[in-house]
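Next up, data08.txt (compact mmCIF, C-alpha atoms):
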```txt
# COMPACT_ATOMS: atom_id res chain seq x y z
CA MET R 12 -39.55 18.93 19.07
CA THR R 13 -37.47 21.19 16.80
CA GLY R 14 -33.74 20.78 16.24
CA GLY R 15 -32.99 23.75 18.50
CA GLU R 16 -35.18 22.42 21.29
CA GLU R 17 -33.54 18.98 20.94
CA ALA R 18 -30.12 20.53 21.28
CA ARG R 19 -31.12 22.58 24.32
CA SER R 20 -32.80 19.59 25.96
CA ALA R 21 -29.70 17.45 25.37
CA GLU R 22 -27.48 20.20 26.76
CA VAL R 23 -29.56 20.43 29.94
CA SER R 24 -29.54 16.67 30.50
CA GLY R 25 -25.79 16.42 29.85
CA PHE R 26 -25.75 14.75 26.41
CA VAL R 27 -24.08 15.90 23.19
CA ALA R 28 -26.71 16.48 20.52
CA GLU R 29 -26.17 15.82 16.81
CA ASP R 30 -27.08 18.40 14.25
CA GLN R 31 -28.88 17.51 11.04
CA ALA R 32 -25.73 17.08 8.95
CA GLN R 33 -24.14 14.78 11.51
CA ARG R 34 -27.31 12.70 11.68
CA HIS R 35 -27.30 12.30 7.89
CA ALA R 36 -23.61 11.45 7.87
CA ARG R 37 -24.17 8.80 10.56
CA ARG R 38 -27.04 7.30 8.59
CA ARG R 39 -24.89 7.15 5.44
CA ARG R 40 -22.10 5.45 7.40
CA ASN R 41 -24.54 2.89 8.78
CA VAL R 42 -25.87 2.12 5.30
CA ALA R 43 -22.30 1.75 3.99
CA LEU R 44 -21.47 -0.61 6.88
CA ALA R 45 -24.58 -2.71 6.20
CA LEU R 46 -23.68 -2.93 2.50
CA ALA R 47 -20.11 -3.93 3.36
CA LEU R 48 -21.33 -6.67 5.68
CA ALA R 49 -23.79 -7.95 3.08
CA GLY R 50 -20.99 -7.88 0.50
CA PHE R 51 -18.76 -9.94 2.76
CA VAL R 52 -21.51 -12.55 3.24
CA VAL R 53 -21.97 -12.77 -0.56
CA LEU R 54 -18.20 -13.04 -1.02
CA ILE R 55 -17.93 -15.95 1.40
CA PHE R 56 -20.91 -17.64 -0.26
CA VAL R 57 -19.40 -17.29 -3.75
CA VAL R 58 -15.96 -18.43 -2.57
CA THR R 59 -17.55 -21.48 -0.93
CA LEU R 60 -19.35 -22.38 -4.15
CA ALA R 61 -16.15 -21.94 -6.14
CA ARG R 62 -14.15 -24.09 -3.71
CA LEU R 63 -16.71 -26.89 -3.66
CA GLN R 64 -17.53 -26.54 -7.39
CA GLY R 65 -19.79 -29.39 -8.56
CA ASP R 66 -19.59 -31.14 -5.22
CA VAL R 67 -21.90 -28.55 -3.69
CA LEU R 68 -24.88 -30.52 -5.07
CA ASN R 69 -23.34 -33.95 -4.44
CA ARG R 70 -25.07 -34.68 -1.15
CA PRO R 71 -28.04 -36.69 0.11
CA PHE R 72 -31.33 -34.77 0.29
CA MET P 22 -26.92 2.36 22.67
CA THR P 23 -25.00 4.98 20.76
CA ASP P 24 -22.17 7.10 22.05
CA LEU P 25 -24.61 10.02 22.14
CA SER P 26 -26.39 8.54 25.13
CA VAL P 27 -23.30 8.43 27.32
CA PRO P 28 -23.42 11.23 29.91
CA TYR P 29 -20.24 13.23 30.32
CA ASP P 30 -18.68 15.50 32.88
CA GLU P 31 -18.85 18.81 31.05
CA LYS P 32 -16.28 20.57 33.23
CA ALA P 33 -13.67 17.84 32.92
CA HIS P 34 -14.38 17.08 29.27
CA PRO P 35 -16.06 19.95 27.43
CA PRO P 36 -18.14 18.59 24.52
CA GLN P 37 -16.06 18.39 21.36
CA ARG P 38 -17.58 18.09 17.96
CA PRO P 39 -15.58 16.57 15.13
CA ALA P 40 -14.14 19.18 12.78
CA ARG P 41 -16.42 17.70 10.10
CA SER P 42 -18.62 14.64 9.69
CA ALA P 43 -16.88 11.65 8.14
CA GLY P 44 -18.11 10.54 4.73
CA ALA P 45 -17.42 7.32 2.85
CA GLY P 46 -14.47 9.03 1.17
CA ASP P 47 -12.76 9.50 4.52
CA TYR P 48 -12.86 5.77 5.23
CA VAL P 49 -11.55 5.06 1.74
CA ALA P 50 -8.73 7.57 2.33
CA LEU P 51 -7.98 5.84 5.62
CA MET P 52 -7.17 2.70 3.65
CA LYS P 53 -4.65 4.45 1.37
CA PRO P 54 -6.26 3.66 -2.01
CA ARG P 55 -3.10 4.48 -3.99
CA VAL P 56 -1.09 1.91 -2.07
CA MET P 57 -3.99 -0.51 -2.45
CA SER P 58 -3.98 -0.05 -6.23
CA LEU P 59 -0.25 -0.78 -6.35
CA VAL P 60 -0.53 -4.01 -4.34
CA VAL P 61 -3.57 -5.09 -6.37
CA PHE P 62 -1.63 -4.59 -9.56
CA THR P 63 1.53 -6.40 -8.44
CA GLY P 64 -0.57 -9.13 -6.80
CA LEU P 65 -2.51 -9.60 -10.04
CA ALA P 66 0.75 -9.97 -11.95
CA GLY P 67 1.95 -12.56 -9.43
CA LEU P 68 -1.32 -14.45 -9.78
CA ALA P 69 -1.21 -14.40 -13.57
CA ALA P 70 2.44 -15.50 -13.66
CA ALA P 71 1.94 -18.39 -11.25
CA PRO P 72 1.99 -21.78 -12.99
CA GLY P 73 -1.11 -23.93 -13.21
CA GLY P 74 -3.78 -21.26 -13.40
CA VAL P 75 -6.42 -20.49 -10.82
CA ASP P 76 -10.22 -20.37 -10.70
CA PRO P 77 -11.15 -16.77 -11.67
CA VAL P 78 -13.59 -16.40 -8.77
CA LEU P 79 -11.02 -17.61 -6.25
CA GLY P 80 -8.34 -15.47 -7.93
CA ALA P 81 -10.55 -12.38 -7.63
CA ALA P 82 -11.22 -13.21 -3.96
CA MET P 83 -7.47 -13.54 -3.32
CA ILE P 84 -6.77 -10.16 -4.91
CA PHE P 85 -9.66 -8.66 -2.94
CA ALA P 86 -8.19 -10.10 0.28
CA ILE P 87 -4.76 -8.64 -0.56
CA ALA P 88 -6.34 -5.23 -1.28
CA CYS P 89 -8.31 -5.31 1.99
CA GLY P 90 -5.23 -6.42 3.93
CA ALA P 91 -3.24 -3.52 2.48
CA GLY P 92 -6.08 -1.11 3.25
CA ALA P 93 -6.36 -2.38 6.82
CA ALA P 94 -2.62 -1.97 7.31
CA GLY P 95 -2.97 1.59 5.96
CA ALA P 96 -5.73 2.34 8.49
CA LEU P 97 -3.58 0.97 11.34
CA ASN P 98 -0.68 3.08 10.06
CA GLN P 99 -2.83 6.24 10.10
CA TRP P 100 -4.16 5.35 13.56
CA PHE P 101 -0.66 5.13 15.01
CA ASP P 102 0.90 7.96 12.98
CA ALA P 103 -1.85 10.57 13.51
CA ASP P 104 0.58 12.78 15.45
CA ILE P 105 3.17 12.73 12.65
CA ASP P 106 0.54 13.16 9.93
CA ALA P 107 -0.79 16.30 11.66
CA LYS P 108 2.67 17.91 11.44
CA MET P 109 3.42 17.21 7.77
CA SER P 110 1.92 19.26 4.95
CA ARG P 111 1.57 16.17 2.71
CA THR P 112 -0.50 14.26 5.27
CA ARG P 113 -2.17 16.95 7.35
CA MET P 114 -5.51 16.58 5.50
CA ARG P 115 -5.76 12.83 6.15
CA PRO P 116 -9.05 11.88 7.89
CA ILE P 117 -7.69 11.65 11.46
CA PRO P 118 -5.65 14.89 11.62
CA ALA P 119 -8.43 16.65 9.69
CA GLY P 120 -10.82 15.70 12.51
CA ALA P 121 -13.21 13.64 10.38
CA VAL P 122 -12.46 10.20 11.82
CA ALA P 123 -11.63 9.36 15.44
CA LYS P 124 -8.41 7.42 16.08
CA GLU P 125 -10.36 4.61 17.75
CA GLU P 126 -12.50 4.22 14.63
CA ALA P 127 -9.41 3.86 12.47
CA LEU P 128 -8.00 1.25 14.87
CA ALA P 129 -11.27 -0.70 14.86
CA LEU P 130 -11.52 -0.54 11.06
CA GLY P 131 -7.92 -1.68 10.68
CA LEU P 132 -8.26 -4.62 13.07
CA VAL P 133 -11.60 -5.85 11.73
CA VAL P 134 -10.66 -5.57 8.05
CA SER P 135 -7.27 -7.22 8.77
CA ALA P 136 -9.02 -10.22 10.31
CA LEU P 137 -11.59 -10.44 7.51
CA SER P 138 -8.94 -10.22 4.80
CA VAL P 139 -6.89 -13.06 6.31
CA ILE P 140 -10.02 -15.21 6.76
CA THR P 141 -11.02 -14.54 3.15
CA MET P 142 -7.55 -15.51 1.94
CA LEU P 143 -7.68 -18.69 4.03
CA LEU P 144 -11.04 -19.66 2.54
CA ALA P 145 -10.18 -18.70 -1.05
CA ALA P 146 -6.61 -20.00 -1.12
CA ASN P 147 -4.59 -21.80 1.54
CA VAL P 148 -2.80 -21.49 4.88
CA LEU P 149 0.49 -20.36 3.29
CA ALA P 150 -1.09 -17.39 1.48
CA ALA P 151 -3.18 -16.43 4.54
CA ALA P 152 -0.10 -16.62 6.79
CA LEU P 153 1.91 -14.48 4.35
CA LEU P 154 -0.90 -11.91 4.24
CA ALA P 155 -1.12 -11.82 8.05
CA PHE P 156 2.68 -11.47 8.24
CA THR P 157 2.56 -8.57 5.75
CA ILE P 158 -0.11 -6.70 7.74
CA VAL P 159 1.71 -7.20 11.06
CA PHE P 160 5.05 -6.29 9.49
CA TYR P 161 3.68 -3.03 8.09
CA ALA P 162 1.55 -2.02 11.07
CA VAL P 163 3.84 -3.11 13.89
CA VAL P 164 7.43 -3.51 12.64
CA TYR P 165 7.43 -0.59 10.20
CA THR P 166 4.84 1.83 11.64
CA MET P 167 5.32 1.36 15.37
CA TRP P 168 9.02 0.65 15.43
CA LEU P 169 11.21 1.34 12.38
CA LYS P 170 9.59 4.54 11.10
CA ARG P 171 10.52 6.55 14.18
CA ALA P 172 13.71 4.68 15.03
CA THR P 173 16.01 4.37 12.02
CA ALA P 174 16.86 5.83 8.64
CA GLN P 175 16.54 2.29 7.28
CA ASN P 176 12.78 2.47 8.00
CA ILE P 177 11.55 2.36 4.42
CA VAL P 178 14.26 -0.12 3.36
CA ILE P 179 13.22 -2.83 5.83
CA GLY P 180 9.58 -1.75 5.97
CA GLY P 181 9.47 -1.95 2.18
CA LEU P 182 9.25 -5.73 2.51
CA ALA P 183 5.56 -5.36 3.38
CA GLY P 184 4.85 -3.56 0.11
CA ALA P 185 6.95 -6.07 -1.81
CA LEU P 186 5.20 -9.25 -0.71
CA PRO P 187 1.83 -9.10 -2.60
CA PRO P 188 3.09 -10.93 -5.74
CA ALA P 189 4.40 -13.74 -3.50
CA ILE P 190 1.11 -13.88 -1.56
CA ALA P 191 -0.85 -14.21 -4.80
CA TRP P 192 1.62 -16.81 -6.15
CA ALA P 193 1.32 -18.79 -2.91
CA GLY P 194 -2.46 -18.51 -3.15
CA ALA P 195 -2.42 -20.00 -6.65
CA THR P 196 0.20 -22.72 -6.13
CA ASN P 197 0.46 -23.31 -2.37
CA SER P 198 4.22 -22.93 -2.76
CA LEU P 199 6.98 -20.34 -3.13
CA THR P 200 9.72 -20.69 -5.72
CA ILE P 201 12.53 -18.41 -6.85
CA ASP P 202 10.25 -16.61 -9.33
CA PRO P 203 7.90 -14.91 -6.85
CA LEU P 204 10.90 -14.16 -4.65
CA ILE P 205 12.54 -12.33 -7.57
CA LEU P 206 9.37 -10.25 -7.97
CA VAL P 207 9.48 -9.46 -4.24
CA ALA P 208 13.16 -8.49 -4.56
CA ILE P 209 12.43 -6.15 -7.47
CA ILE P 210 9.85 -4.20 -5.42
CA PHE P 211 12.03 -4.38 -2.31
CA PHE P 212 14.97 -2.71 -4.08
CA TRP P 213 12.64 -0.33 -5.95
CA THR P 214 11.20 1.10 -2.72
CA PRO P 215 14.26 3.03 -1.40
CA PRO P 216 14.99 5.02 -4.60
CA HIS P 217 11.25 5.73 -4.93
CA PHE P 218 10.76 7.05 -1.39
CA TRP P 219 14.15 8.69 -1.01
CA ALA P 220 13.56 10.69 -4.22
CA LEU P 221 10.37 11.97 -2.59
CA SER P 222 12.03 12.56 0.77
CA LEU P 223 14.75 14.69 -0.90
CA LEU P 224 11.93 17.06 -1.82
CA ARG P 225 10.18 16.82 1.56
CA SER P 226 13.09 16.60 3.98
CA GLN P 227 12.00 19.74 5.86
CA ASP P 228 8.61 18.16 6.49
CA TYR P 229 10.19 14.97 7.82
CA ARG P 230 12.65 16.96 9.95
CA GLU P 231 9.87 18.97 11.59
CA ALA P 232 7.81 15.82 12.22
CA GLY P 233 10.83 14.07 13.75
CA VAL P 234 10.85 11.21 11.24
CA PRO P 235 14.45 9.99 10.70
CA MET P 236 14.36 9.75 6.92
CA LEU P 237 17.76 9.37 5.26
CA PRO P 238 18.08 13.02 4.07
CA VAL P 239 17.36 14.16 7.63
CA THR P 240 19.83 11.84 9.37
CA HIS P 241 22.60 11.49 6.77
CA GLY P 242 22.10 14.49 4.49
CA ALA P 243 21.02 14.90 0.89
CA ALA P 244 24.37 13.93 -0.69
CA HIS P 245 24.41 10.55 1.06
CA THR P 246 20.77 9.98 0.07
CA ARG P 247 21.52 10.70 -3.58
CA LEU P 248 24.38 8.17 -3.47
CA GLN P 249 22.16 5.54 -1.83
CA ILE P 250 19.50 6.14 -4.49
CA LEU P 251 22.09 5.38 -7.17
CA LEU P 252 23.35 2.26 -5.35
CA TYR P 253 19.88 0.77 -4.84
CA SER P 254 18.93 1.61 -8.44
CA SER P 255 22.09 -0.16 -9.63
CA VAL P 256 20.96 -3.32 -7.84
CA MET P 257 17.29 -3.01 -8.80
CA VAL P 258 17.70 -2.59 -12.56
CA PRO P 259 19.65 -5.87 -13.10
CA LEU P 260 17.23 -7.59 -10.72
CA GLY P 261 14.44 -6.37 -12.97
CA LEU P 262 15.98 -8.48 -15.75
CA ALA P 263 16.32 -11.62 -13.60
CA PRO P 264 12.87 -12.99 -14.61
CA ALA P 265 14.27 -13.34 -18.14
CA LEU P 266 16.92 -15.73 -16.78
CA THR P 267 14.41 -18.02 -15.07
CA GLY P 268 11.99 -17.97 -17.98
CA LEU P 269 9.32 -16.13 -15.99
CA GLY P 270 9.79 -13.03 -18.11
CA GLY P 271 9.56 -13.42 -21.89
CA GLN P 272 10.61 -11.22 -24.77
CA ILE P 273 8.08 -8.45 -24.08
CA TYR P 274 9.02 -8.38 -20.42
CA THR P 275 12.75 -8.33 -21.13
CA ALA P 276 12.41 -5.49 -23.64
CA ALA P 277 10.17 -3.47 -21.29
CA ALA P 278 12.32 -4.04 -18.18
CA GLY P 279 15.54 -3.40 -20.13
CA PHE P 280 14.35 -0.15 -21.69
CA THR P 281 12.67 1.32 -18.60
CA GLY P 282 15.50 0.03 -16.38
CA ALA P 283 18.06 1.89 -18.50
CA LEU P 284 15.99 5.07 -18.20
CA PHE P 285 15.68 4.52 -14.45
CA LEU P 286 19.47 4.34 -14.18
CA VAL P 287 19.92 7.49 -16.26
CA LEU P 288 17.53 9.38 -13.96
CA ALA P 289 19.23 7.98 -10.84
CA VAL P 290 22.63 9.11 -12.16
CA ARG P 291 21.12 12.53 -12.84
CA VAL P 292 19.92 12.70 -9.22
CA ALA P 293 23.33 11.56 -7.94
CA ARG P 294 25.05 14.31 -9.94
CA SER P 295 22.52 16.95 -8.86
CA ARG P 296 22.15 18.89 -5.61
CA ALA P 297 18.57 17.77 -5.09
CA GLY P 298 17.59 18.06 -1.44
CA ASP P 299 20.28 20.62 -0.60
CA ALA P 300 19.08 23.89 0.88
CA PRO P 301 18.19 26.44 -1.81
CA ASP P 302 19.97 29.78 -1.68
CA PRO P 303 17.42 32.61 -1.38
CA THR P 304 19.99 35.21 -2.48
CA GLY P 305 20.89 33.38 -5.67
CA LEU P 306 24.59 34.09 -5.03
CA ASP P 307 25.64 30.61 -3.82
CA LEU P 308 26.87 28.73 -6.87
CA TYR P 309 26.57 25.36 -5.05
CA ALA P 310 23.02 25.73 -3.72
CA ALA P 311 20.21 23.53 -5.06
CA THR P 312 18.37 24.96 -8.04
CA ALA P 313 14.94 24.19 -9.45
CA ALA P 314 16.63 21.88 -11.99
CA ASP P 315 18.21 19.89 -9.13
CA GLN P 316 14.85 19.44 -7.44
CA ARG P 317 13.34 18.47 -10.78
CA ALA P 318 15.84 15.62 -11.08
CA ALA P 319 14.49 14.08 -7.87
CA ARG P 320 10.90 14.73 -8.90
CA ASP P 321 11.46 13.12 -12.30
CA LEU P 322 12.97 10.01 -10.70
CA PHE P 323 10.08 9.76 -8.23
CA ALA P 324 7.49 10.03 -11.02
CA PHE P 325 9.38 7.67 -13.33
CA SER P 326 9.83 5.06 -10.60
CA ILE P 327 6.04 4.64 -10.49
CA LEU P 328 5.94 4.25 -14.26
CA TYR P 329 8.80 1.73 -14.13
CA LEU P 330 7.04 -0.56 -11.68
CA PHE P 331 3.81 -0.27 -13.65
CA VAL P 332 5.49 -1.13 -16.97
CA VAL P 333 7.46 -4.09 -15.57
CA PHE P 334 4.45 -5.71 -13.91
CA ALA P 335 2.10 -4.81 -16.79
CA ALA P 336 4.50 -6.64 -19.14
CA LEU P 337 4.41 -9.69 -16.88
CA LEU P 338 0.63 -9.49 -16.68
CA ALA P 339 0.28 -9.16 -20.46
CA GLU P 340 2.62 -12.06 -21.18
CA HIS P 341 0.98 -14.50 -18.78
CA GLY P 342 -2.56 -13.14 -18.73
CA LEU P 343 -2.92 -12.70 -22.49
CA GLY P 344 -0.78 -15.65 -23.56
CA LEU P 345 1.94 -13.47 -25.09
CA HIS P 346 4.81 -15.15 -23.25
CA ALA P 347 7.68 -16.19 -25.52
CA PRO P 348 10.95 -17.01 -23.71
CA VAL P 349 14.12 -15.17 -24.67
CA PRO P 350 16.05 -18.00 -26.38
CA TRP P 351 19.59 -17.17 -25.26
CA LEU P 352 18.65 -16.17 -21.70
CA SER P 353 15.76 -18.32 -20.51
CA GLY P 354 16.62 -21.26 -18.28
CA TRP P 355 19.88 -19.90 -16.86
CA VAL P 356 18.48 -19.90 -13.34
CA GLY P 357 16.32 -22.99 -12.93
CA ALA P 358 13.30 -23.79 -15.01
CA VAL P 359 9.81 -22.54 -14.42
CA GLU P 360 7.67 -25.64 -14.39
CA GLY P 361 4.64 -25.09 -16.62
CA SER P 362 4.83 -21.34 -16.15
CA GLY P 363 1.80 -20.61 -18.29
CA ALA P 364 4.11 -19.92 -21.23
```

Is it possible to express this structure as structure tokens?
Amino acid sequence: MTGGEEARSAEVSGFVAEDQAQRHARRRRNVALALALAGFVVLIFVVTLARLQGDVLNRPF
Amino acid sequence: MTDLSVPYDEKAHPPQRPARSAGAGDYVALMKPRVMSLVVFTGLAGLAAAPGGVDPVLGAAMIFAIACGAGAAGALNQWFDADIDAKMSRTRMRPIPAGAVAKEEALALGLVVSALSVITMLLAANVLAAALLAFTIVFYAVVYTMWLKRATAQNIVIGGLAGALPPAIAWAGATNSLTIDPLILVAIIFFWTPPHFWALSLLRSQDYREAGVPMLPVTHGAAHTRLQILLYSSVMVPLGLAPALTGLGGQIYTAAAGFTGALFLVLAVRVARSRAGDAPDPTGLDLYAATAADQRAARDLFAFSILYLFVVFAALLAEHGLGLHAPVPWLSGWVGAVEGSGA
């Protein structure tokens, strides 16, 4: 289905269709959000290591 | 499910496309990066000046949390103030009035990042620093943005506390305590804020008037604002030298704060003696109308105020971060002693 057909089909069924630029922008936003979330996980991991320091390995295995 | 799959009643709500698609830059702009850079810088100085030292990883996490907290507060501010921003030429191109970001998105971003920043501060530092950060965000977003900004000409005076707290948050993060030293740093920024913003508002009073924001030049006139600028500057400049009395500021700091403080006062006096903010006379016949030179006096003070704050905190950062701190012999110790202040 072409972009024009998609738009017409969405219009008929009562949905707002994205154009190509909006779709790309949404994908970029999603990637940025995923990177931010991954960054936050890494930050918490690094902060935990720094808080525990050497004690992080001082545990029974 | 995305919002695209939600059916709508076309007659009641005709489909509306955003004016443009939001990019990463719009979300960065939502978090007011210039304000973020200021709080990062003053927070870094507070962290470096705090006695005892701090793990560099934890210190970086604390500064990151402060930056994110400031950014989140900025997003909440833009969410609530979208109507005002759309009316003012300085803010009309911000992401929400420009149609790039929906208000709800800004609210969600602000709330989520606020929570994450406080959690990060709690994990990296302590309850005191996290509580101070949470207080700062709430104070800026609720007390200043939702209440004071539209209610009183003292909006930026009281609201300025939020922008002044980062050095104390960082200090509390490093030491789990608050002494007179971080409070002096807070006071310096607190008294710096009114001359800084009022110098700008003298140049933008028409904008504020049209947007219905009760800035001092709008409610009390330009002459009263120029006097208040001078009064606050007269309090701020001596306060800028107070770290020399406690021993927090050494010789470099004292020289930098003394020299730039004197220049600050000269520029504030120049503004007080000018007609900056008065209506210009289009005919050129009114001898008492504001001229370009008058407006330049306010612009110079606004620009120099940024340089002043940068120099003062850079001096503190250099002394404590690079080990250049040497107390001023005849001044240091007048107001308490700084226990092991990294000197």

Residues of chain R were defined as contacting chain P if any atom lay at most 9 Å from it, counting all atoms listed in the file; please report them as a short mmCIF file (atom, residue, chain, number, x, y, z; two decimals) with C-alpha atoms, in the frame of the given file.
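Result file follows (iface-v7.cif):
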```
data_model
loop_
_atom_site.label_atom_id
_atom_site.label_comp_id
_atom_site.auth_asym_id
_atom_site.auth_seq_id
_atom_site.Cartn_x
_atom_site.Cartn_y
_atom_site.Cartn_z
CA SER R 24 -29.54 16.67 30.50
CA GLY R 25 -25.79 16.42 29.85
CA PHE R 26 -25.75 14.75 26.41
CA VAL R 27 -24.08 15.90 23.19
CA ALA R 28 -26.71 16.48 20.52
CA GLU R 29 -26.17 15.82 16.81
CA ALA R 32 -25.73 17.08 8.95
CA GLN R 33 -24.14 14.78 11.51
CA ALA R 36 -23.61 11.45 7.87
CA ARG R 37 -24.17 8.80 10.56
CA ARG R 39 -24.89 7.15 5.44
CA ARG R 40 -22.10 5.45 7.40
CA ALA R 43 -22.30 1.75 3.99
CA PHE R 51 -18.76 -9.94 2.76
CA LEU R 54 -18.20 -13.04 -1.02
CA ILE R 55 -17.93 -15.95 1.40
CA VAL R 57 -19.40 -17.29 -3.75
CA VAL R 58 -15.96 -18.43 -2.57
CA THR R 59 -17.55 -21.48 -0.93
CA ALA R 61 -16.15 -21.94 -6.14
CA ARG R 62 -14.15 -24.09 -3.71
#
```

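For the pair atom CA of P:Pro264 and atom CA of P:Gly279, the interatomic distance is 11.4 Å.
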
What is the atom CA of P:Leu130 to atom CA of P:Phe160 distance in Å?
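We find that atom CA of P:Leu130 and atom CA of P:Phe160 lie 17.6 Å from each other.
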
Quick one: axis-aligned box around all listed atoms of stretch 103-106 of chain P, 4 Å on every side, centre and edge lengths in Å to one decimal, written as lines of an AutoDock Vina configuration file.
```
center_x = 0.7
center_y = 11.9
center_z = 12.7
size_x = 13.0
size_y = 10.6
size_z = 13.5
```

Can you tell me how far atom CA of P:Ala127 sits from atom CA of P:Met114, in Å to one decimal?
15.0 Å

Which polymer residues have any atom within 12 Å of an atom of P:Leu204, counting all atoms listed in the file, with same-chain residues fewer than 5 positions away left out, as an NGL selection string?
:P and (67 or 71 or 182 or 185-193 or 198-199 or 209-211 or 260-261 or 263-264 or 267 or 269)

Which neighbours of P:Met57 fall inside 12 Å, counting only C-alpha atoms, when residues of the same chain fewer than 3 positions from it are skipped, and could you give them as an MDAnalysis selection string?
chainID P and resid 49:54 60:65 84:96 184 187

Using all atoms listed in the file, can you tell me which of P:Tyr165, P:Phe280, P:Trp100, P:Phe323 comes closest to P:His217?
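Nearest to P:His217: P:Phe323.
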
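In terms of minimum interatomic distance to P:Pro215, P:Ile179 ranks closest within P:Leu343, P:Ala283, P:Leu288, P:Ile179, counting only C-alpha atoms.
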
N, CA and C atoms are what I want for stretch 49-66 of chain R; can you complete it accordingly and write them as a compact mmCIF listing (two decimals), in the frame of the given file?
```txt
# COMPACT_ATOMS: atom_id res chain seq x y z
N ALA R 49 -23.07 -7.11 4.04
CA ALA R 49 -23.79 -7.95 3.08
C ALA R 49 -22.84 -8.42 1.98
N GLY R 50 -21.98 -7.52 1.53
CA GLY R 50 -20.99 -7.88 0.50
C GLY R 50 -20.07 -8.98 0.97
N PHE R 51 -19.66 -8.92 2.23
CA PHE R 51 -18.76 -9.94 2.76
C PHE R 51 -19.46 -11.31 2.82
N VAL R 52 -20.74 -11.29 3.20
CA VAL R 52 -21.51 -12.55 3.24
C VAL R 52 -21.59 -13.15 1.84
N VAL R 53 -21.87 -12.30 0.83
CA VAL R 53 -21.97 -12.77 -0.56
C VAL R 53 -20.61 -13.31 -1.00
N LEU R 54 -19.54 -12.61 -0.63
CA LEU R 54 -18.20 -13.04 -1.02
C LEU R 54 -17.90 -14.44 -0.47
N ILE R 55 -18.20 -14.64 0.80
CA ILE R 55 -17.93 -15.95 1.40
C ILE R 55 -18.78 -17.03 0.74
N PHE R 56 -20.03 -16.69 0.41
CA PHE R 56 -20.91 -17.64 -0.26
C PHE R 56 -20.33 -18.04 -1.63
N VAL R 57 -19.93 -17.03 -2.40
CA VAL R 57 -19.40 -17.29 -3.75
C VAL R 57 -18.09 -18.08 -3.68
N VAL R 58 -17.23 -17.72 -2.72
CA VAL R 58 -15.96 -18.43 -2.57
C VAL R 58 -16.22 -19.89 -2.19
N THR R 59 -17.22 -20.11 -1.32
CA THR R 59 -17.55 -21.48 -0.93
C THR R 59 -18.01 -22.29 -2.14
N LEU R 60 -18.88 -21.68 -2.94
CA LEU R 60 -19.35 -22.38 -4.15
C LEU R 60 -18.18 -22.70 -5.07
N ALA R 61 -17.28 -21.73 -5.25
CA ALA R 61 -16.15 -21.94 -6.14
C ALA R 61 -15.22 -23.02 -5.61
N ARG R 62 -15.03 -23.07 -4.29
CA ARG R 62 -14.15 -24.09 -3.71
C ARG R 62 -14.75 -25.49 -3.85
N LEU R 63 -16.06 -25.58 -3.61
CA LEU R 63 -16.71 -26.89 -3.66
C LEU R 63 -17.00 -27.31 -5.10
N GLN R 64 -17.18 -26.34 -5.99
CA GLN R 64 -17.53 -26.54 -7.39
C GLN R 64 -18.72 -27.47 -7.51
N GLY R 65 -18.64 -28.52 -8.34
CA GLY R 65 -19.79 -29.39 -8.56
C GLY R 65 -20.22 -30.15 -7.33
N ASP R 66 -19.29 -30.33 -6.39
CA ASP R 66 -19.59 -31.14 -5.22
C ASP R 66 -20.63 -30.52 -4.31
```
